[in-house]
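> Data: query_26.cif, mmCIF, C-alpha atoms.
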data_query
loop_
_atom_site.group_PDB
_atom_site.id
_atom_site.type_symbol
_atom_site.label_atom_id
_atom_site.label_comp_id
_atom_site.auth_asym_id
_atom_site.auth_seq_id
_atom_site.Cartn_x
_atom_site.Cartn_y
_atom_site.Cartn_z
ATOM 1 C CA MET A 1 65.605 56.844 16.335
ATOM 2 C CA GLY A 2 67.456 60.105 15.640
ATOM 3 C CA LEU A 3 67.591 63.441 17.394
ATOM 4 C CA THR A 4 64.890 64.645 19.766
ATOM 5 C CA ILE A 5 64.276 67.852 21.675
ATOM 6 C CA GLY A 6 63.824 68.022 25.440
ATOM 7 C CA VAL A 7 62.023 71.001 26.958
ATOM 8 C CA ASP A 8 62.566 72.196 30.519
ATOM 9 C CA ILE A 9 59.954 74.677 31.806
ATOM 10 C CA GLY A 10 61.509 76.862 34.489
ATOM 11 C CA GLY A 11 60.166 79.732 36.530
ATOM 12 C CA THR A 12 62.146 82.345 34.601
ATOM 13 C CA LYS A 13 63.060 80.604 31.333
ATOM 14 C CA ILE A 14 62.008 77.787 29.056
ATOM 15 C CA ALA A 15 64.946 75.828 27.641
ATOM 16 C CA ALA A 16 64.814 73.454 24.682
ATOM 17 C CA GLY A 17 67.766 71.243 23.795
ATOM 18 C CA VAL A 18 68.574 68.916 20.919
ATOM 19 C CA VAL A 19 69.680 65.590 22.403
ATOM 20 C CA ASP A 20 71.197 62.595 20.641
ATOM 21 C CA GLU A 21 70.688 58.922 21.481
ATOM 22 C CA GLU A 22 73.705 58.938 23.819
ATOM 23 C CA GLY A 23 72.253 61.708 25.971
ATOM 24 C CA ASN A 24 74.504 64.458 24.600
ATOM 25 C CA ILE A 25 73.012 67.940 24.290
ATOM 26 C CA LEU A 26 73.981 69.262 20.872
ATOM 27 C CA SER A 27 72.394 72.704 21.043
ATOM 28 C CA THR A 28 69.985 74.695 23.205
ATOM 29 C CA PHE A 29 67.590 77.584 22.784
ATOM 30 C CA LYS A 30 66.043 79.582 25.625
ATOM 31 C CA VAL A 31 63.138 82.006 25.897
ATOM 32 C CA PRO A 32 61.741 83.868 28.926
ATOM 33 C CA THR A 33 58.861 82.190 30.726
ATOM 34 C CA PRO A 34 55.662 84.220 30.190
ATOM 35 C CA THR A 35 53.054 84.774 32.853
ATOM 36 C CA THR A 36 49.920 83.379 31.198
ATOM 37 C CA PRO A 37 49.206 79.713 30.404
ATOM 38 C CA GLU A 38 48.501 80.311 26.709
ATOM 39 C CA ALA A 39 51.634 82.400 26.304
ATOM 40 C CA ILE A 40 53.681 79.629 27.932
ATOM 41 C CA VAL A 41 52.467 77.173 25.283
ATOM 42 C CA ASP A 42 53.515 79.653 22.579
ATOM 43 C CA ALA A 43 56.898 80.078 24.281
ATOM 44 C CA ILE A 44 57.444 76.306 24.381
ATOM 45 C CA ALA A 45 56.758 76.126 20.645
ATOM 46 C CA SER A 46 59.099 79.054 20.051
ATOM 47 C CA ALA A 47 61.900 77.391 22.038
ATOM 48 C CA VAL A 48 61.414 74.158 20.092
ATOM 49 C CA GLU A 49 61.560 75.999 16.765
ATOM 50 C CA GLY A 50 64.719 77.805 17.842
ATOM 51 C CA ALA A 51 66.434 74.612 18.965
ATOM 52 C CA ARG A 52 65.509 72.560 15.889
ATOM 53 C CA ALA A 53 67.168 74.945 13.425
ATOM 54 C CA GLY A 54 69.726 72.980 11.405
ATOM 55 C CA HIS A 55 68.702 69.615 12.870
ATOM 56 C CA GLU A 56 66.456 66.798 11.693
ATOM 57 C CA ILE A 57 64.167 66.233 14.710
ATOM 58 C CA VAL A 58 61.945 63.182 15.188
ATOM 59 C CA GLY A 59 60.115 64.190 18.370
ATOM 60 C CA VAL A 60 59.779 66.469 21.389
ATOM 61 C CA GLY A 61 59.609 65.630 25.092
ATOM 62 C CA ILE A 62 58.310 68.238 27.530
ATOM 63 C CA GLY A 63 59.017 68.076 31.261
ATOM 64 C CA ALA A 64 56.180 69.740 33.158
ATOM 65 C CA ALA A 65 55.887 70.239 36.910
ATOM 66 C CA GLY A 66 52.547 68.724 37.808
ATOM 67 C CA TYR A 67 50.304 65.725 37.301
ATOM 68 C CA VAL A 68 50.507 64.339 33.758
ATOM 69 C CA ASN A 69 48.105 61.682 32.487
ATOM 70 C CA ARG A 70 49.042 58.120 31.594
ATOM 71 C CA GLN A 71 48.933 58.891 27.856
ATOM 72 C CA ARG A 72 51.632 61.571 28.271
ATOM 73 C CA SER A 73 49.417 64.204 26.692
ATOM 74 C CA THR A 74 47.470 66.217 29.266
ATOM 75 C CA VAL A 75 48.561 68.098 32.365
ATOM 76 C CA TYR A 76 45.867 67.395 34.940
ATOM 77 C CA PHE A 77 47.169 69.996 37.347
ATOM 78 C CA ALA A 78 50.264 72.200 37.572
ATOM 79 C CA PRO A 79 51.043 73.943 40.873
ATOM 80 C CA ASN A 80 52.917 76.912 39.392
ATOM 81 C CA ILE A 81 51.016 77.408 36.136
ATOM 82 C CA ASP A 82 47.246 77.765 35.793
ATOM 83 C CA TRP A 83 46.950 74.529 33.830
ATOM 84 C CA ARG A 84 43.923 72.376 34.589
ATOM 85 C CA ASN A 85 43.381 69.465 32.182
ATOM 86 C CA GLU A 86 45.665 71.274 29.733
ATOM 87 C CA PRO A 87 46.001 69.376 26.383
ATOM 88 C CA LEU A 88 49.665 70.355 26.145
ATOM 89 C CA LYS A 89 50.668 67.625 23.708
ATOM 90 C CA ASP A 90 48.065 68.608 21.118
ATOM 91 C CA GLU A 91 48.768 72.313 21.510
ATOM 92 C CA VAL A 92 52.518 72.041 20.978
ATOM 93 C CA GLN A 93 52.133 69.493 18.166
ATOM 94 C CA GLU A 94 49.786 71.873 16.370
ATOM 95 C CA ARG A 95 52.290 74.722 16.618
ATOM 96 C CA THR A 96 55.425 72.741 15.702
ATOM 97 C CA GLY A 97 54.249 69.896 13.495
ATOM 98 C CA LEU A 98 56.398 67.483 15.528
ATOM 99 C CA PRO A 99 55.335 64.456 17.598
ATOM 100 C CA VAL A 100 55.188 65.482 21.259
ATOM 101 C CA VAL A 101 55.057 63.659 24.586
ATOM 102 C CA VAL A 102 54.542 65.329 27.950
ATOM 103 C CA GLU A 103 56.140 63.970 31.107
ATOM 104 C CA ASN A 104 56.261 64.975 34.741
ATOM 105 C CA ASP A 105 59.518 66.886 35.189
ATOM 106 C CA ALA A 106 60.752 64.752 38.106
ATOM 107 C CA ASN A 107 60.033 61.586 36.119
ATOM 108 C CA ALA A 108 61.977 63.031 33.202
ATOM 109 C CA ALA A 109 64.949 63.872 35.437
ATOM 110 C CA ALA A 110 64.839 60.399 36.991
ATOM 111 C CA TRP A 111 64.854 58.781 33.559
ATOM 112 C CA GLY A 112 67.765 60.954 32.467
ATOM 113 C CA GLU A 113 69.822 59.886 35.479
ATOM 114 C CA TYR A 114 68.869 56.243 35.018
ATOM 115 C CA ARG A 115 69.799 56.200 31.334
ATOM 116 C CA PHE A 116 72.827 58.478 31.211
ATOM 117 C CA GLY A 117 73.848 59.421 34.752
ATOM 118 C CA ALA A 118 74.296 57.822 38.149
ATOM 119 C CA GLY A 119 71.790 55.054 37.417
ATOM 120 C CA LYS A 120 73.624 53.478 34.500
ATOM 121 C CA GLY A 121 74.053 49.766 35.123
ATOM 122 C CA HIS A 122 71.080 49.551 37.511
ATOM 123 C CA ARG A 123 67.711 47.953 36.686
ATOM 124 C CA ASN A 124 65.838 49.125 39.776
ATOM 125 C CA VAL A 125 66.355 52.718 40.833
ATOM 126 C CA ILE A 126 64.444 55.215 42.941
ATOM 127 C CA CYS A 127 65.292 58.866 42.318
ATOM 128 C CA ILE A 128 64.461 61.765 44.579
ATOM 129 C CA THR A 129 64.998 65.441 43.842
ATOM 130 C CA LEU A 130 65.798 67.653 46.821
ATOM 131 C CA GLY A 131 65.126 71.218 45.849
ATOM 132 C CA THR A 132 62.617 73.787 47.047
ATOM 133 C CA GLY A 133 60.304 70.801 47.366
ATOM 134 C CA LEU A 134 60.783 67.042 46.997
ATOM 135 C CA GLY A 135 59.991 65.032 43.876
ATOM 136 C CA GLY A 136 60.976 61.682 42.480
ATOM 137 C CA GLY A 137 60.756 58.898 39.944
ATOM 138 C CA ILE A 138 60.497 55.101 39.961
ATOM 139 C CA ILE A 139 62.395 52.832 37.571
ATOM 140 C CA ILE A 140 61.717 49.151 38.174
ATOM 141 C CA GLY A 141 62.811 46.456 35.739
ATOM 142 C CA ASN A 142 64.274 49.092 33.422
ATOM 143 C CA LYS A 143 60.870 50.759 33.080
ATOM 144 C CA LEU A 144 59.584 54.095 34.305
ATOM 145 C CA ARG A 145 56.610 53.382 36.526
ATOM 146 C CA ARG A 146 53.965 56.093 36.273
ATOM 147 C CA GLY A 147 51.094 54.243 37.937
ATOM 148 C CA HIS A 148 47.620 53.580 36.539
ATOM 149 C CA PHE A 149 46.643 57.235 36.172
ATOM 150 C CA GLY A 150 50.154 58.504 35.422
ATOM 151 C CA VAL A 151 50.720 60.373 38.681
ATOM 152 C CA ALA A 152 52.877 57.992 40.740
ATOM 153 C CA ALA A 153 56.080 58.956 42.589
ATOM 154 C CA GLU A 154 54.791 62.149 44.185
ATOM 155 C CA PHE A 155 57.082 61.283 47.074
ATOM 156 C CA GLY A 156 57.087 64.763 48.543
ATOM 157 C CA HIS A 157 53.462 64.351 49.549
ATOM 158 C CA ILE A 158 53.779 61.116 51.448
ATOM 159 C CA ARG A 159 52.503 61.989 54.912
ATOM 160 C CA MET A 160 55.374 61.477 57.330
ATOM 161 C CA VAL A 161 53.898 63.209 60.376
ATOM 162 C CA PRO A 162 50.191 62.892 61.222
ATOM 163 C CA ASP A 163 48.726 66.365 61.730
ATOM 164 C CA GLY A 164 52.177 67.797 60.997
ATOM 165 C CA LEU A 165 53.208 70.968 59.226
ATOM 166 C CA LEU A 166 50.804 72.388 56.653
ATOM 167 C CA CYS A 167 51.957 71.730 53.098
ATOM 168 C CA GLY A 168 51.282 73.802 50.003
ATOM 169 C CA CYS A 169 49.280 70.858 48.623
ATOM 170 C CA GLY A 170 46.722 71.391 51.413
ATOM 171 C CA SER A 171 47.656 68.327 53.448
ATOM 172 C CA GLN A 172 49.644 68.180 56.677
ATOM 173 C CA GLY A 173 52.897 66.454 57.559
ATOM 174 C CA CYS A 174 54.113 65.847 53.971
ATOM 175 C CA TRP A 175 57.668 64.566 53.576
ATOM 176 C CA GLU A 176 58.817 67.676 51.720
ATOM 177 C CA GLN A 177 57.929 69.822 54.713
ATOM 178 C CA TYR A 178 60.759 68.057 56.547
ATOM 179 C CA ALA A 179 63.136 67.139 53.706
ATOM 180 C CA SER A 180 63.628 69.988 51.233
ATOM 181 C CA GLY A 181 65.427 73.261 50.740
ATOM 182 C CA ARG A 182 62.622 75.100 52.493
ATOM 183 C CA ALA A 183 62.893 72.749 55.462
ATOM 184 C CA LEU A 184 66.661 73.250 55.679
ATOM 185 C CA VAL A 185 66.255 77.024 55.869
ATOM 186 C CA ARG A 186 63.572 76.640 58.524
ATOM 187 C CA TYR A 187 65.821 74.417 60.633
ATOM 188 C CA ALA A 188 68.671 76.901 60.420
ATOM 189 C CA LYS A 189 66.494 79.879 61.338
ATOM 190 C CA GLN A 190 64.997 78.060 64.310
ATOM 191 C CA ARG A 191 68.392 77.010 65.635
ATOM 192 C CA ALA A 192 69.977 80.405 65.053
ATOM 193 C CA ASN A 193 67.137 82.049 66.910
ATOM 194 C CA ALA A 194 67.414 79.631 69.849
ATOM 195 C CA THR A 195 71.233 79.629 70.124
ATOM 196 C CA PRO A 196 72.673 82.618 68.238
ATOM 197 C CA GLU A 197 76.077 82.074 69.842
ATOM 198 C CA ARG A 198 76.364 78.803 67.880
ATOM 199 C CA ALA A 199 75.376 80.512 64.640
ATOM 200 C CA GLU A 200 77.910 83.332 64.450
ATOM 201 C CA ILE A 201 79.314 82.282 61.076
ATOM 202 C CA LEU A 202 75.878 81.732 59.611
ATOM 203 C CA LEU A 203 74.485 85.031 60.861
ATOM 204 C CA ARG A 204 77.512 86.917 59.585
ATOM 205 C CA LEU A 205 76.874 85.641 56.067
ATOM 206 C CA GLY A 206 73.371 87.109 56.069
ATOM 207 C CA ASP A 207 72.059 90.340 57.549
ATOM 208 C CA GLY A 208 72.922 89.367 61.117
ATOM 209 C CA THR A 209 69.451 88.095 61.982
ATOM 210 C CA PRO A 210 67.909 84.605 61.772
ATOM 211 C CA ALA A 211 65.272 85.982 59.407
ATOM 212 C CA GLY A 212 67.989 86.869 56.899
ATOM 213 C CA ILE A 213 69.347 83.318 56.568
ATOM 214 C CA GLU A 214 69.184 81.850 53.065
ATOM 215 C CA GLY A 215 70.015 78.417 51.721
ATOM 216 C CA LYS A 216 73.287 79.576 50.176
ATOM 217 C CA HIS A 217 74.428 80.868 53.573
ATOM 218 C CA ILE A 218 73.833 77.494 55.220
ATOM 219 C CA SER A 219 76.033 75.694 52.712
ATOM 220 C CA VAL A 220 78.950 78.090 53.142
ATOM 221 C CA ALA A 221 78.614 78.158 56.924
ATOM 222 C CA ALA A 222 78.495 74.354 57.178
ATOM 223 C CA ARG A 223 81.721 74.064 55.205
ATOM 224 C CA GLN A 224 83.295 76.501 57.643
ATOM 225 C CA GLY A 225 82.215 74.359 60.591
ATOM 226 C CA CYS A 226 79.280 76.424 61.869
ATOM 227 C CA PRO A 227 77.512 74.180 64.426
ATOM 228 C CA VAL A 228 74.027 75.416 63.588
ATOM 229 C CA ALA A 229 74.527 74.944 59.845
ATOM 230 C CA VAL A 230 75.957 71.456 60.309
ATOM 231 C CA ASP A 231 73.120 70.497 62.669
ATOM 232 C CA SER A 232 70.571 71.781 60.162
ATOM 233 C CA TYR A 233 71.983 69.531 57.450
ATOM 234 C CA ARG A 234 71.911 66.602 59.864
ATOM 235 C CA GLU A 235 68.255 67.246 60.639
ATOM 236 C CA LEU A 236 67.441 67.412 56.944
ATOM 237 C CA ALA A 237 69.387 64.174 56.352
ATOM 238 C CA ARG A 238 67.585 62.436 59.214
ATOM 239 C CA TRP A 239 64.259 62.981 57.472
ATOM 240 C CA VAL A 240 65.569 62.146 54.018
ATOM 241 C CA GLY A 241 67.113 58.891 55.234
ATOM 242 C CA ALA A 242 63.983 57.884 57.105
ATOM 243 C CA GLY A 243 61.938 58.384 53.956
ATOM 244 C CA LEU A 244 64.369 56.376 51.846
ATOM 245 C CA ALA A 245 64.115 53.512 54.346
ATOM 246 C CA ASP A 246 60.339 53.489 53.845
ATOM 247 C CA LEU A 247 60.765 53.543 50.061
ATOM 248 C CA ALA A 248 63.188 50.612 50.340
ATOM 249 C CA SER A 249 60.454 48.616 52.055
ATOM 250 C CA LEU A 250 58.149 49.375 49.132
ATOM 251 C CA PHE A 251 60.432 49.037 46.105
ATOM 252 C CA ASP A 252 63.680 47.348 47.208
ATOM 253 C CA PRO A 253 65.878 49.200 44.666
ATOM 254 C CA SER A 254 69.565 48.566 44.096
ATOM 255 C CA ALA A 255 70.211 52.312 44.266
ATOM 256 C CA PHE A 256 68.729 55.593 45.364
ATOM 257 C CA ILE A 257 69.803 58.604 43.320
ATOM 258 C CA VAL A 258 69.625 61.951 45.075
ATOM 259 C CA GLY A 259 69.316 64.937 42.752
ATOM 260 C CA GLY A 260 68.076 68.503 42.950
ATOM 261 C CA GLY A 261 69.905 71.569 44.172
ATOM 262 C CA LEU A 262 70.760 70.136 47.588
ATOM 263 C CA SER A 263 72.620 67.223 45.999
ATOM 264 C CA ASP A 264 75.191 69.743 44.732
ATOM 265 C CA GLU A 265 76.518 69.819 48.292
ATOM 266 C CA GLY A 266 77.948 66.324 47.780
ATOM 267 C CA GLU A 267 79.062 64.410 50.851
ATOM 268 C CA LEU A 268 78.035 67.262 53.137
ATOM 269 C CA VAL A 269 74.472 66.059 52.668
ATOM 270 C CA LEU A 270 74.917 62.542 51.247
ATOM 271 C CA ASP A 271 77.001 61.079 54.070
ATOM 272 C CA PRO A 272 74.450 61.871 56.809
ATOM 273 C CA ILE A 273 71.625 60.721 54.499
ATOM 274 C CA ARG A 274 73.319 57.328 54.125
ATOM 275 C CA LYS A 275 73.755 57.030 57.884
ATOM 276 C CA SER A 276 70.127 57.928 58.540
ATOM 277 C CA TYR A 277 68.913 55.544 55.842
ATOM 278 C CA LYS A 278 70.832 52.641 57.386
ATOM 279 C CA ARG A 279 69.638 53.648 60.849
ATOM 280 C CA TRP A 280 65.954 53.436 59.853
ATOM 281 C CA LEU A 281 66.109 50.580 57.341
ATOM 282 C CA VAL A 282 64.128 47.619 58.689
ATOM 283 C CA GLY A 283 66.470 44.665 59.120
ATOM 284 C CA GLY A 284 69.348 46.844 57.996
ATOM 285 C CA ASN A 285 71.991 44.736 59.718
ATOM 286 C CA TRP A 286 70.832 41.567 57.977
ATOM 287 C CA ARG A 287 69.912 42.579 54.434
ATOM 288 C CA PRO A 288 71.645 44.085 51.388
ATOM 289 C CA VAL A 289 71.632 47.869 51.496
ATOM 290 C CA ALA A 290 70.984 49.953 48.407
ATOM 291 C CA ASP A 291 73.565 52.481 47.280
ATOM 292 C CA VAL A 292 72.765 56.143 47.885
ATOM 293 C CA LEU A 293 74.305 58.018 44.977
ATOM 294 C CA ALA A 294 74.596 61.649 43.933
ATOM 295 C CA ALA A 295 72.936 62.588 40.649
ATOM 296 C CA ARG A 296 75.448 63.333 37.890
ATOM 297 C CA LEU A 297 73.550 65.297 35.264
ATOM 298 C CA GLY A 298 72.655 68.291 37.408
ATOM 299 C CA ASN A 299 70.065 70.627 35.908
ATOM 300 C CA LYS A 300 70.424 68.894 32.526
ATOM 301 C CA ALA A 301 68.720 65.713 33.729
ATOM 302 C CA GLY A 302 65.176 66.868 32.994
ATOM 303 C CA MET A 303 65.958 68.038 29.467
ATOM 304 C CA VAL A 304 67.942 64.899 28.616
ATOM 305 C CA GLY A 305 65.351 62.585 30.154
ATOM 306 C CA ALA A 306 62.400 64.271 28.452
ATOM 307 C CA ALA A 307 64.181 64.094 25.087
ATOM 308 C CA ASP A 308 64.951 60.407 25.548
ATOM 309 C CA LEU A 309 61.381 59.604 26.587
ATOM 310 C CA ALA A 310 60.189 61.202 23.345
ATOM 311 C CA ARG A 311 61.745 58.161 21.618
ATOM 312 C CA GLU A 312 59.438 55.808 23.523
ATOM 313 C CA PRO A 313 56.445 55.045 21.265
ATOM 314 C CA ASP A 314 54.043 54.179 24.092
ATOM 315 C CA PRO A 315 53.680 55.112 27.770
ATOM 316 C CA ILE A 316 55.908 52.951 29.973
ATOM 317 C CA MET A 317 53.886 51.467 32.801
#
Will you turn the file into structure tokens for me?

Amino acid sequence: MGLTIGVDIGGTKIAAGVVDEEGNILSTFKVPTPTTPEAIVDAIASAVEGARAGHEIVGVGIGAAGYVNRQRSTVYFAPNIDWRNEPLKDEVQERTGLPVVVENDANAAAWGEYRFGAGKGHRNVICITLGTGLGGGIIIGNKLRRGHFGVAAEFGHIRMVPDGLLCGCGSQGCWEQYASGRALVRYAKQRANATPERAEILLRLGDGTPAGIEGKHISVAARQGCPVAVDSYRELARWVGAGLADLASLFDPSAFIVGGGLSDEGELVLDPIRKSYKRWLVGGNWRPVADVLAARLGNKAGMVGAADLAREPDPIM
């Protein structure tokens, strides 16, 4: 099918990369992320034009955070950009003259991992991204499952706790309120405030107060054996594993792939997730247990996945 461009829309920059059929990024071009919706569309087109220089491009895939319709053309709703029923495909096609598909960014990252990363060799994979929030993607029978309206796999907003913590989506008790980077920081602050004598290492890395704890401090402190930091990761893992056990009951995958910023911590977070998953898996002692794997592509997964999905002629249901 030839070379395609994958576009990753970030909070501070928009990155476009030329990707070949083996998932290799041949070149990239970045522009700052503007503040207005219309300017963001112009910036996407500019990044695509910059990346395509010197290459014969057959299509563009855009990973967008938000709800994307089944036809891979319109962003129903984006939480961080004022897009409401935004015809992003048509707008970027008009500016670039290239065929365009739009995909949810977590779906794109999941597809990238399935095709070129930790999911290679698997037919049935569930991906979750543990970052500031919690996202995911579903690949069953070698196909990306978007659902009837295109907005499946919003795992972060499965309600885990009735009348639980208020989520940014407006609901209460969503999974990402208990299993995300924000949740990890909250756990650490709560524990440091309750037992500061167990958080000496962690507090020393910040400003000396629980309020000054950041995610990067928790990682360093946990690797130095700080009890509060280690306990915070265990609490995070308990919730992640419990959620994976529920997803196993729904989809029965051969593997879960854990991506996002928290997956960079490797076995510090993956080992307790595996233990929690097995603890909560129904019939876990008597059934095959899916692998829980670390994502391999890092922050390139979304760009690579979006570019590869641009080669798909029709929406994959």
> Evaluate the PyMOL selection byres ((chain A and resi 35-50) around 7) and record the selected residues as a list of chain:residue names, following the chain and residue labels used in the document.
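Output of the PyMOL selection byres ((chain A and resi 35-50) around 7): A:Ile14, A:Ala15, A:Ala16, A:Phe29, A:Lys30, A:Val31, A:Thr33, A:Pro34, A:Ala51, A:Arg52, A:Ala53, A:Ile81, A:Asp82, A:Trp83, A:Val92, A:Arg95, A:Thr96.
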> For this file, the PyMOL selection byres ((chain A and resi 154-162) around 6) selects which residues, as a ChimeraX atom specification?
/A:134-135,152-153,163-164,173-176
> Show me as a short mmCIF file (atom, residue, chain, number, x, y, z; two decimals) with C-alpha atoms, keeping the file's coordinate frame the residues that reach within 12 Å of (64.7, 62.8, 56.4), counting only C-alpha atoms and using the file's own coordinates.

data_model
loop_
_atom_site.label_atom_id
_atom_site.label_comp_id
_atom_site.auth_asym_id
_atom_site.auth_seq_id
_atom_site.Cartn_x
_atom_site.Cartn_y
_atom_site.Cartn_z
CA ILE A 128 64.46 61.76 44.58
CA LEU A 130 65.80 67.65 46.82
CA LEU A 134 60.78 67.04 47.00
CA GLY A 156 57.09 64.76 48.54
CA MET A 160 55.37 61.48 57.33
CA VAL A 161 53.90 63.21 60.38
CA CYS A 174 54.11 65.85 53.97
CA TRP A 175 57.67 64.57 53.58
CA GLU A 176 58.82 67.68 51.72
CA GLN A 177 57.93 69.82 54.71
CA TYR A 178 60.76 68.06 56.55
CA ALA A 179 63.14 67.14 53.71
CA SER A 180 63.63 69.99 51.23
CA GLY A 181 65.43 73.26 50.74
CA ALA A 183 62.89 72.75 55.46
CA LEU A 184 66.66 73.25 55.68
CA SER A 232 70.57 71.78 60.16
CA TYR A 233 71.98 69.53 57.45
CA ARG A 234 71.91 66.60 59.86
CA GLU A 235 68.26 67.25 60.64
CA LEU A 236 67.44 67.41 56.94
CA ALA A 237 69.39 64.17 56.35
CA ARG A 238 67.58 62.44 59.21
CA TRP A 239 64.26 62.98 57.47
CA VAL A 240 65.57 62.15 54.02
CA GLY A 241 67.11 58.89 55.23
CA ALA A 242 63.98 57.88 57.10
CA GLY A 243 61.94 58.38 53.96
CA LEU A 244 64.37 56.38 51.85
CA ALA A 245 64.11 53.51 54.35
CA ASP A 246 60.34 53.49 53.84
CA LEU A 247 60.76 53.54 50.06
CA VAL A 269 74.47 66.06 52.67
CA LEU A 270 74.92 62.54 51.25
CA PRO A 272 74.45 61.87 56.81
CA ILE A 273 71.62 60.72 54.50
CA ARG A 274 73.32 57.33 54.12
CA LYS A 275 73.76 57.03 57.88
CA SER A 276 70.13 57.93 58.54
CA TYR A 277 68.91 55.54 55.84
CA LYS A 278 70.83 52.64 57.39
CA ARG A 279 69.64 53.65 60.85
CA TRP A 280 65.95 53.44 59.85
#
> Need to verify the contact set: Leu202 (chain A), 9 Å, only C-alpha atoms, exclusion of same-chain residues closer than 4 positions in sequence. Can you return it as a list in words?
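With the cut-off at 9 Å, the set is Ala188, Ala192, Arg198, Gly206, Gly208, Pro210, Ile213, His217, Ile218, Val220, Ala221, Ala222, Cys226, Val228 and Ala229 of chain A.
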> By how many Å are CA of Asn85 (chain A) and CA of Lys143 (chain A) apart?
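If I compute the distance from CA of Asn85 (chain A) to CA of Lys143 (chain A), I get 25.6 Å.
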> Do you have the CA of Leu262 (chain A)-CA of Ile62 (chain A) distance handy?
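CA of Ile62 (chain A) lies at a distance of 23.7 Å from CA of Leu262 (chain A).
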> Do you know which residues the PyMOL selection byres ((chain A and resi 67) around 12) returns on this file, as JSON, numbers by chain?
{"A": [63, 64, 65, 66, 68, 69, 70, 71, 72, 73, 74, 75, 76, 77, 78, 79, 80, 81, 83, 84, 85, 86, 102, 103, 104, 105, 106, 107, 135, 146, 147, 149, 150, 151, 152, 153, 154]}
> At a cut-off of 9 Å, using all atoms listed in the file, what residues contact Val289 (chain A)? Leave out same-chain residues fewer than 3 positions from it and give the result as a list of chain:residue names.
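Counting all atoms listed in the file, the residues come to A:Ala248, A:Ser254, A:Ala255, A:Lys278, A:Leu281, A:Gly284, A:Asn285.
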> Just the residues within 12 Å of Gly121 (chain A), please, counting all atoms listed in the file, with nothing from its chain fewer than 4 positions along; format it as a list in words.
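Listing them by chain and then by number gives Glu113, Tyr114, Arg115, Phe116, Gly117, Val125, Gly141, Asn142, Ser254 and Ala255 of chain A.
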> Might you pull out every residue within 10 Å of Ala306 (chain A), with all atoms listed in the file counted and same-chain residues fewer than 2 positions away left off, and present them as number ranges by chain?
A: 4-8, 17, 19, 60-64, 101-112, 301-304, 308-311
> Quick one: residues within 7 Å of Leu293 (chain A), only C-alpha atoms, excluding same-chain residues fewer than 5 positions away - as a PDB file with C-alpha atoms, in the coordinates of the input?

ATOM      1  CA  ALA A 118      74.296  57.822  38.149  1.00  0.00           C
ATOM      2  CA  PHE A 256      68.729  55.593  45.364  1.00  0.00           C
ATOM      3  CA  ILE A 257      69.803  58.604  43.320  1.00  0.00           C
ATOM      4  CA  VAL A 258      69.625  61.951  45.075  1.00  0.00           C
TER       5      VAL A 258
END
> Nearest residue to Ile126 (chain A) out of A:Ser249, A:Gln224, A:Ser27, A:Thr195, using all atoms listed in the file?
A:Ser249
> Take CA of Gly259 (chain A) and CA of Ile57 (chain A) and report the distance between them in Å, one decimal.
28.5 Å
> Can you work out which one of A:Arg182, A:Ala194, A:Leu250, A:Asp264 has the shortest atom-to-atom distance to Val282 (chain A), counting all atoms listed in the file?
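Of A:Arg182, A:Ala194, A:Leu250, A:Asp264, the one nearest Val282 (chain A), counting all atoms listed in the file, is A:Leu250.
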> Which one is closest to Tyr187 (chain A): A:Ala199, A:Leu165, A:Asp231, A:Gly170? Count only C-alpha atoms.
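Nearest to Tyr187 (chain A): A:Asp231.
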> Find the residue from A:Glu200, A:Gly59, A:Ile9, A:Leu3 that sits nearest to Ile25 (chain A); use only C-alpha atoms when measuring.
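Smallest distance to Ile25 (chain A) is found for A:Leu3.
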> Adding 3 Å on each side of the box along x, y and z that holds all listed atoms of region 147-151 of chain A, could you give its centre and edge lengths in Å to one decimal, as JSON?

{"center_x": 48.9, "center_y": 57.0, "center_z": 37.1, "size_x": 10.5, "size_y": 12.8, "size_z": 9.3}
